[in-house]
Amino acid sequence: MPAADETLKASAHSVCHACGRPTFRCAECNKTYYPARKDALTCSTRCRVARHRRLQARAAKEQQ
C-alpha cells in the first residue's frame, strides 16, 4: 500500500491546456504523464519497478 504522501502526489492532477486530458505526476520521478489507468501511480514500467523495489527494500529494513 503506498504511503499517504505518494498517493496524494500521484492523484494531484491538472488538465492539459491543449487537449483537456488530466495530467498526473509520477510518484517515482515526478514527471508529468497521461495515465493509461485511473489508478496509475507511475509514468512507466521503469518507474513502477523502481518504486516497487524501493518499497520492498524499505519494508525489509523495517522488519530488521
# chains A, B, ... in the order shown; residues from 1 in each chain; ligands from 1

call {"tool": "residues_around", "arguments": {"residues": "region 46-48 of chain A", "least_positions_apart": "5", "cutoff": "9 Å", "atoms": "only C-alpha atoms", "output": "PyMOL selection string"}}
result
chain A and resi 26-29+41+53

call {"tool": "atom_distance", "arguments": {"atom1": "CA of Ala59 (chain A)", "atom2": "CA of Tyr34 (chain A)"}}
result
29.2 Å

call {"tool": "closest_residue", "arguments": {"among": "A:Val49, A:Pro22, A:Gln56, A:Gln64", "to": "Arg37 (chain A)", "atoms": "only C-alpha atoms"}}
result
A:Pro22

call {"tool": "atom_distance", "arguments": {"atom1": "CA of Arg25 (chain A)", "atom2": "CA of Ala40 (chain A)"}}
result
10.1 Å

call {"tool": "atom_distance", "arguments": {"atom1": "CA of His52 (chain A)", "atom2": "CA of Phe24 (chain A)"}}
result
18.7 Å
